[in-house]
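> Attaching a single structure in structure tokens format; questions to follow.
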Amino acid sequence: MSQIPTPERRVLSLHTTLGIDPVELKCSTLYYPVSSAKDGLTLVFTHGIAGHKEQYDPTITRLLSHDQTRAAIRDVWVLDFPNHGQTALHNRPVLDARKAGGKGVCTTADFALYLQAFLSSPLLKTNSVVGIAHSGSCTLWIFALASTNPCPTPFALIMVEPTLMFPSLSSTDPRSIHGAANVRRSLAKRDRWSNRETLMKWLVGGKGVWRKWDERVLSTYVRYGFEEVDESAGAGKSYVTPTLRKDEESPLYACLSHTVEPEALGRVCRVVGEAGRGVHVVWAEFEEFVSKAVREEILDAAENRVVSQRIIKGAGHLVPQEKPDRLGDAFIEILDEIIHGSGKRKAKM
């Protein structure tokens with residue numbers, strides 16, 4: 001078996017907009033140079049709200065451990081969004097200046113334009129791109145591809161637990177309930193610890209979602225999802241806090257931030273299908289956020305153009321964090337279908 005490539009850390013400059021203002025934002029990426037195959041696939045991973053690029057490392061390691069799959073992949077890019085992970089550290093001066101000037105925080109629409117800027121980069125110009133998105137970042141791909149000025153269409157798109165919402169969303173829908181709860185909780189949650197060791201004990205010792213996470217993913221979260229901040233100049237005191245600030249995180253959970261027109265989803269599924277191998281969906285076994293009824297609603301809006309569906313056993317909504325190896329195995333299967341052009345398949349229950 002060939003050696004799995006060590007990812008390179010690359011910081012890119014993307015010309016995009018925040019609100020109506022043109023800006024240059026940094027994009028901290030992990031780049032895996034997998035093979036020299038000129039016609040190989042380029043995988044582009046995007047994380048969910050409050051995630052970060054390093055969370056995918058165990059999944060990508062599993063994926064690239066499969067020789068046949070690795071041989072068909074040219075390279076892999078994994079992105080942070082502008083105020084997430086290590087990218088937030090690069091963009092903090094711009095983000096804080098905008099808040100101080102009363103221009104607000106990043107929205108999902110801003111994220112979509114940022115994603116468009118990356119997908120339009122010369123780095124991907126001749127590549128067959130397969131987008132891989134989790135949770136809230138699925139919305140951003142739909143925004144980016146359904147825009148009046150869309151970016152290049154990917155060869156295929158894989159959505160993991162998409163939290164897509166439509167204008168007809170009911171206030172009793174689980175997505176409405178959980179979204180509103182996340183808006184409140186993110187503002188009220190603790191955001192300071194004396195050091196990373198204390199932080200880790202707090203994460204695993206409480207009743208939060210982190211107890212269910214794979215140890216490897218949790219370790220990268222503590223390392224890359226937080227930063228050490230000096231409490232006062234020269235005092236020698238510091239604390240650890242999330243790189244994604246609470247006031248920036250909270251509005252990203254609002255239902256309107258993930259609301260798309262059903263026609264937009266259908267159009268994206270149609271154009272991706274015409275351009276390559278279409279849209280594939282991975283669901284969690286436990287319906288923590290996306291119920292069976294919601295799945296059917298999303299599939300209907302997609303005009304029944306979803307090529308394949310899979311369910312990850314033992315996983316809740318945070319599939320990459322809880323079951324990274326099983327998710328990697330699912331990606332191996334899906335990429336095999338994409339590479340060989342398999343026909344439409346039923347969900348693997």
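Just remember, in the structure tokens the first chain shown is A, the second B, etc., residues are 1-based per chain, and ligands are 1-based in the order shown.
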What lies within 8 Å of segment 112-118 of chain A using only C-alpha atoms, ignoring chain neighbours under 3 positions off, as a list in words?

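Residues meeting the cut-off are Leu14, His15, Thr16, Thr17, Phe81, Pro82, Thr108, Ala109, Ser121, Leu140, Trp141, Phe143, Ala144, Pro150 and Cys151 of chain A.
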
> Residues within 12 Å of Thr87 of chain A, please, as a VMD selection string. Count only C-alpha atoms; anything in the same chain fewer than 4 positions from it doesn't count.

chain A and resid 9 to 14 25 to 30 51 to 54 78 to 83 91 to 95 224 to 227 243 to 244

> Can you pull out every residue within 7 Å of segment 185-201 of chain A, counting only C-alpha atoms, but drop anything in the same chain fewer than 4 positions away, and send it as a CSV table (one decimal) with all heavy atoms, in the first residue's frame?


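That gives us out.csv:
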```
chain,number,residue,atom,x,y,z
A,181,ALA,N,-32.7,27.0,19.4
A,181,ALA,CA,-32.0,26.6,20.7
A,181,ALA,C,-30.5,26.9,20.5
A,181,ALA,O,-29.9,27.4,21.5
A,181,ALA,CB,-32.2,25.1,21.0
A,205,GLY,N,-16.2,15.8,30.3
A,205,GLY,CA,-16.8,15.5,31.6
A,205,GLY,C,-18.2,16.0,31.7
A,205,GLY,O,-18.9,15.6,32.7
A,222,VAL,N,-9.7,20.6,20.0
A,222,VAL,CA,-9.0,21.3,21.1
A,222,VAL,C,-7.8,22.1,20.6
A,222,VAL,O,-7.5,23.2,21.0
A,222,VAL,CB,-8.7,20.4,22.3
A,222,VAL,CG1,-7.8,21.1,23.3
A,222,VAL,CG2,-9.9,19.9,22.9
A,238,SER,N,-3.1,34.2,30.7
A,238,SER,CA,-3.8,34.0,29.4
A,238,SER,C,-4.9,33.0,29.6
A,238,SER,O,-5.1,32.4,30.7
A,238,SER,CB,-2.8,33.4,28.4
A,238,SER,OG,-2.3,32.1,28.9
A,239,TYR,N,-5.8,32.9,28.6
A,239,TYR,CA,-6.9,32.0,28.7
A,239,TYR,C,-7.1,31.4,27.3
A,239,TYR,O,-6.6,31.9,26.3
A,239,TYR,CB,-8.1,32.6,29.2
A,239,TYR,CG,-8.6,33.8,28.3
A,239,TYR,CD1,-9.5,33.6,27.2
A,239,TYR,CD2,-8.2,35.1,28.6
A,239,TYR,CE1,-10.0,34.6,26.4
A,239,TYR,CE2,-8.7,36.2,27.8
A,239,TYR,CZ,-9.5,35.9,26.7
A,239,TYR,OH,-10.0,36.9,25.9
A,240,VAL,N,-7.8,30.3,27.2
A,240,VAL,CA,-8.1,29.6,25.9
A,240,VAL,C,-9.6,29.9,25.6
A,240,VAL,O,-10.4,29.8,26.4
A,240,VAL,CB,-7.9,28.1,26.0
A,240,VAL,CG1,-8.4,27.4,24.8
A,240,VAL,CG2,-6.4,27.8,26.2
A,241,THR,N,-9.8,30.2,24.3
A,241,THR,CA,-11.2,30.6,23.9
A,241,THR,C,-11.4,30.1,22.4
A,241,THR,O,-10.4,29.9,21.7
A,241,THR,CB,-11.4,32.1,24.0
A,241,THR,OG1,-12.8,32.4,23.8
A,241,THR,CG2,-10.6,32.9,22.9
A,242,PRO,N,-12.6,29.9,22.0
A,242,PRO,CA,-12.8,29.4,20.6
A,242,PRO,C,-12.4,30.5,19.6
A,242,PRO,O,-12.5,31.7,19.8
A,242,PRO,CB,-14.3,29.2,20.5
A,242,PRO,CG,-14.8,29.0,21.9
A,242,PRO,CD,-13.9,29.9,22.8
A,246,LYS,N,-18.5,33.9,20.0
A,246,LYS,CA,-19.9,33.6,20.3
A,246,LYS,C,-20.8,34.4,19.5
A,246,LYS,O,-21.9,34.0,18.9
A,246,LYS,CB,-20.2,33.7,21.7
A,246,LYS,CG,-19.5,32.7,22.6
A,246,LYS,CD,-20.2,32.6,24.0
A,246,LYS,CE,-20.0,33.9,24.8
A,246,LYS,NZ,-20.5,33.7,26.2
A,247,ASP,N,-20.5,35.7,19.4
A,247,ASP,CA,-21.4,36.6,18.6
A,247,ASP,C,-21.4,36.4,17.1
A,247,ASP,O,-22.3,36.8,16.4
A,247,ASP,CB,-21.1,38.1,19.0
A,247,ASP,CG,-19.7,38.5,18.5
A,247,ASP,OD1,-18.8,37.6,18.6
A,247,ASP,OD2,-19.5,39.6,18.0
A,249,GLU,N,-20.9,33.1,15.9
A,249,GLU,CA,-21.5,31.8,15.8
A,249,GLU,C,-23.0,31.8,15.8
A,249,GLU,O,-23.7,31.2,15.0
A,249,GLU,CB,-20.9,30.9,16.9
A,249,GLU,CG,-21.5,29.5,16.8
A,249,GLU,CD,-21.0,28.6,18.0
A,249,GLU,OE1,-20.2,29.1,18.8
A,249,GLU,OE2,-21.4,27.4,18.0
A,250,SER,N,-23.6,32.5,16.8
A,250,SER,CA,-25.0,32.5,17.1
A,250,SER,C,-25.9,32.7,15.9
A,250,SER,O,-26.8,31.9,15.6
A,250,SER,CB,-25.3,33.5,18.2
A,250,SER,OG,-26.7,33.5,18.4
```

> What gap, in Å, lies between atom CA of Arg98 of chain A and atom CA of Asp21 of chain A?

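Atom-to-atom, atom CA of Arg98 of chain A and atom CA of Asp21 of chain A are spaced 10.1 Å apart.
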
> I need the residues of segment 89-327 of chain A that end up classed as strand (DSSP E) by DSSP on the backbone, written out as JSON, numbers by chain.

{"A": [128, 129, 130, 131, 132, 133, 134, 156, 157, 158, 159, 160, 226, 227, 228, 229, 230, 238, 239, 240, 241, 242, 278, 279, 280, 281, 282, 283, 284, 306, 307, 308, 309, 310, 311, 312]}

> Residues of segment 33-273 of chain A in alpha helix (DSSP H) according to DSSP, as a PyMOL selection string?

chain A and resi 57-64+67-71+85-100+108-119+136-146+174-188+196-205+215-224+246-249+262-273

> Considering only C-alpha atoms, can you say which of A:Leu318, A:Leu124, A:Ile158, A:Ile312 comes closest to Val217 of chain A?

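Residue with the minimum atom-to-atom distance to Val217 of chain A: A:Leu318.
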
> Kindly indicate which residue among A:Ser135, A:Ser35, A:Gln309, A:Asn127 lies nearest to Phe155 of chain A, using only C-alpha atoms for the distances.

A:Asn127

> In Å, with one decimal, what is the gap from atom CA of Arg270 of chain A to atom CA of Asp75 of chain A?

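Computing it gives 25.7 Å between the two atoms.
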
> Hey, which of A:Arg216, A:His280, A:Arg295, A:Arg305 ends up closest to Ala156 of chain A? Count only C-alpha atoms.

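For Ala156 of chain A, the nearest of the candidates is A:His280.
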
> Which polymer residues have any atom within 10 Å of an atom of Gly278 of chain A, counting only C-alpha atoms, with same-chain residues fewer than 6 positions away left out, as a ChimeraX atom specification?

/A:130,154-158,268-272,305-308,338,341,344

> The selected residues should be written to file as an mmCIF file, in the first residue's frame (atoms: N, CA and C atoms).


```cif
data_model
loop_
_atom_site.group_PDB
_atom_site.id
_atom_site.type_symbol
_atom_site.label_atom_id
_atom_site.label_comp_id
_atom_site.auth_asym_id
_atom_site.auth_seq_id
_atom_site.Cartn_x
_atom_site.Cartn_y
_atom_site.Cartn_z
ATOM 1 N N VAL A 130 -15.016 17.329 -6.790
ATOM 2 C CA VAL A 130 -16.104 16.694 -6.051
ATOM 3 C C VAL A 130 -16.228 17.443 -4.731
ATOM 4 N N PRO A 154 -19.231 21.671 -10.006
ATOM 5 C CA PRO A 154 -18.417 20.496 -9.664
ATOM 6 C C PRO A 154 -18.859 19.269 -10.443
ATOM 7 N N PHE A 155 -17.972 18.292 -10.512
ATOM 8 C CA PHE A 155 -18.252 17.029 -11.188
ATOM 9 C C PHE A 155 -19.275 16.219 -10.400
ATOM 10 N N ALA A 156 -19.265 16.407 -9.086
ATOM 11 C CA ALA A 156 -20.231 15.731 -8.212
ATOM 12 C C ALA A 156 -20.259 16.475 -6.880
ATOM 13 N N LEU A 157 -21.321 16.251 -6.114
ATOM 14 C CA LEU A 157 -21.465 16.879 -4.806
ATOM 15 C C LEU A 157 -21.982 15.835 -3.822
ATOM 16 N N ILE A 158 -21.295 15.709 -2.680
ATOM 17 C CA ILE A 158 -21.711 14.793 -1.617
ATOM 18 C C ILE A 158 -22.121 15.633 -0.414
ATOM 19 N N VAL A 268 -29.677 22.999 -8.842
ATOM 20 C CA VAL A 268 -28.303 22.566 -8.573
ATOM 21 C C VAL A 268 -28.149 21.077 -8.852
ATOM 22 N N CYS A 269 -29.102 20.274 -8.396
ATOM 23 C CA CYS A 269 -29.026 18.828 -8.655
ATOM 24 C C CYS A 269 -29.040 18.538 -10.149
ATOM 25 N N ARG A 270 -29.806 19.332 -10.867
ATOM 26 C CA ARG A 270 -29.902 19.138 -12.311
ATOM 27 C C ARG A 270 -28.583 19.485 -13.008
ATOM 28 N N VAL A 271 -27.994 20.637 -12.671
ATOM 29 C CA VAL A 271 -26.775 21.057 -13.374
ATOM 30 C C VAL A 271 -25.577 20.197 -12.991
ATOM 31 N N VAL A 272 -25.505 19.762 -11.728
ATOM 32 C CA VAL A 272 -24.397 18.892 -11.326
ATOM 33 C C VAL A 272 -24.541 17.525 -12.003
ATOM 34 N N ARG A 305 -33.517 13.784 -7.987
ATOM 35 C CA ARG A 305 -32.295 13.653 -8.776
ATOM 36 C C ARG A 305 -31.090 13.226 -7.937
ATOM 37 N N VAL A 306 -31.288 12.971 -6.650
ATOM 38 C CA VAL A 306 -30.185 12.487 -5.815
ATOM 39 C C VAL A 306 -29.789 11.095 -6.306
ATOM 40 N N VAL A 307 -28.541 10.918 -6.642
ATOM 41 C CA VAL A 307 -28.072 9.686 -7.282
ATOM 42 C C VAL A 307 -28.012 8.526 -6.306
ATOM 43 N N SER A 308 -27.524 8.781 -5.080
ATOM 44 C CA SER A 308 -27.430 7.704 -4.099
ATOM 45 C C SER A 308 -27.596 8.269 -2.693
ATOM 46 N N ILE A 338 -18.964 7.343 -8.481
ATOM 47 C CA ILE A 338 -18.677 8.540 -9.267
ATOM 48 C C ILE A 338 -17.647 8.234 -10.350
ATOM 49 N N GLY A 341 -19.277 5.688 -12.811
ATOM 50 C CA GLY A 341 -20.555 6.082 -13.391
ATOM 51 C C GLY A 341 -21.679 5.140 -13.100
ATOM 52 N N LYS A 344 -28.328 5.004 -10.532
ATOM 53 C CA LYS A 344 -28.963 5.418 -9.291
ATOM 54 C C LYS A 344 -29.155 4.208 -8.365
#
```

> Extract, using only C-alpha atoms, all DNA, RNA and protein residues at most 8 Å from Leu63 of chain A, discarding same-chain residues fewer than 2 positions from it, and format them as a ChimeraX atom specification.

/A:59-61,65-66,69-70,328-329,331-332

> Put those residues in a file: N, CA, C and O atoms, as a short mmCIF file (atom, residue, chain, number, x, y, z; two decimals), in the first residue's frame.


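File written: selection_32.cif
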```
data_model
loop_
_atom_site.label_atom_id
_atom_site.label_comp_id
_atom_site.auth_asym_id
_atom_site.auth_seq_id
_atom_site.Cartn_x
_atom_site.Cartn_y
_atom_site.Cartn_z
N THR A 59 -11.18 10.92 8.67
CA THR A 59 -11.99 10.46 7.55
C THR A 59 -11.17 10.40 6.27
O THR A 59 -11.24 9.42 5.50
N ILE A 60 -10.36 11.42 6.03
CA ILE A 60 -9.54 11.45 4.82
C ILE A 60 -8.47 10.36 4.87
O ILE A 60 -8.17 9.70 3.85
N THR A 61 -7.90 10.14 6.05
CA THR A 61 -6.92 9.07 6.20
C THR A 61 -7.55 7.72 5.85
O THR A 61 -6.94 6.89 5.15
N SER A 65 -6.66 5.39 2.49
CA SER A 65 -6.04 4.08 2.76
C SER A 65 -6.51 3.02 1.76
O SER A 65 -5.95 1.93 1.69
N HIS A 66 -7.52 3.36 0.96
CA HIS A 66 -8.06 2.44 -0.05
C HIS A 66 -7.31 2.69 -1.36
O HIS A 66 -7.47 3.75 -1.98
N THR A 69 -9.24 3.74 -4.66
CA THR A 69 -9.83 5.08 -4.55
C THR A 69 -8.74 6.14 -4.64
O THR A 69 -8.87 7.13 -5.36
N ARG A 70 -7.64 5.92 -3.91
CA ARG A 70 -6.55 6.90 -3.90
C ARG A 70 -5.98 7.10 -5.30
O ARG A 70 -5.63 8.21 -5.69
N GLY A 328 -15.65 7.66 6.13
CA GLY A 328 -14.63 7.43 5.11
C GLY A 328 -14.97 6.23 4.23
O GLY A 328 -14.80 6.27 3.01
N ASP A 329 -15.49 5.17 4.84
CA ASP A 329 -15.90 3.99 4.06
C ASP A 329 -17.05 4.33 3.11
O ASP A 329 -17.08 3.84 1.97
N PHE A 331 -17.61 7.27 1.80
CA PHE A 331 -17.04 8.07 0.71
C PHE A 331 -16.33 7.19 -0.30
O PHE A 331 -16.37 7.47 -1.51
N ILE A 332 -15.67 6.12 0.15
CA ILE A 332 -15.02 5.19 -0.77
C ILE A 332 -16.05 4.59 -1.73
O ILE A 332 -15.84 4.53 -2.94
#
```

> Name the closest residue to Leu299 of chain A among the candidates A:Thr172, A:Leu164, A:Pro152, A:Trp210; distances are taken between atoms, counting only C-alpha atoms.

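Nearest to Leu299 of chain A: A:Leu164.
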
> Under the rule that only C-alpha atoms are counted, which of A:Ala100, A:Val160, A:Val290, A:Ile4 is the nearest residue to Ser176 of chain A?

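So, comparing all the options, the nearest one is A:Val290.
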
> How many Å separate atom CA of Asp336 of chain A from atom CA of His47 of chain A?

22.5 Å

> Near Lys323 of chain A, within 9 Å and counting only C-alpha atoms, which residues show up once chain neighbours fewer than 3 positions away are dropped, as a PyMOL selection string?

chain A and resi 59+213-214+312-316+318-320+326-328

> Export, as a PDB file, in the first residue's frame, the selected residues with C-alpha atoms.


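Output file again-v8.pdb is given in full below:
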```pdb
ATOM      1  CA  THR A  59     -11.991  10.461   7.545  1.00  0.00           C
ATOM      2  CA  TRP A 213     -16.839  12.304  19.459  1.00  0.00           C
ATOM      3  CA  ASP A 214     -14.014  10.180  18.146  1.00  0.00           C
ATOM      4  CA  ILE A 312     -24.100   5.867   8.736  1.00  0.00           C
ATOM      5  CA  LYS A 313     -24.863   3.377  11.494  1.00  0.00           C
ATOM      6  CA  GLY A 314     -24.410   4.601  15.049  1.00  0.00           C
ATOM      7  CA  ALA A 315     -24.054   8.248  14.046  1.00  0.00           C
ATOM      8  CA  GLY A 316     -25.970  11.324  15.071  1.00  0.00           C
ATOM      9  CA  LEU A 318     -22.299  15.240  13.719  1.00  0.00           C
ATOM     10  CA  VAL A 319     -21.237  12.320  11.550  1.00  0.00           C
ATOM     11  CA  PRO A 320     -17.638  13.437  10.827  1.00  0.00           C
ATOM     12  CA  ARG A 326     -17.519   4.790   8.753  1.00  0.00           C
ATOM     13  CA  LEU A 327     -17.925   8.062   6.912  1.00  0.00           C
ATOM     14  CA  GLY A 328     -14.634   7.427   5.109  1.00  0.00           C
TER      15      GLY A 328
END
```
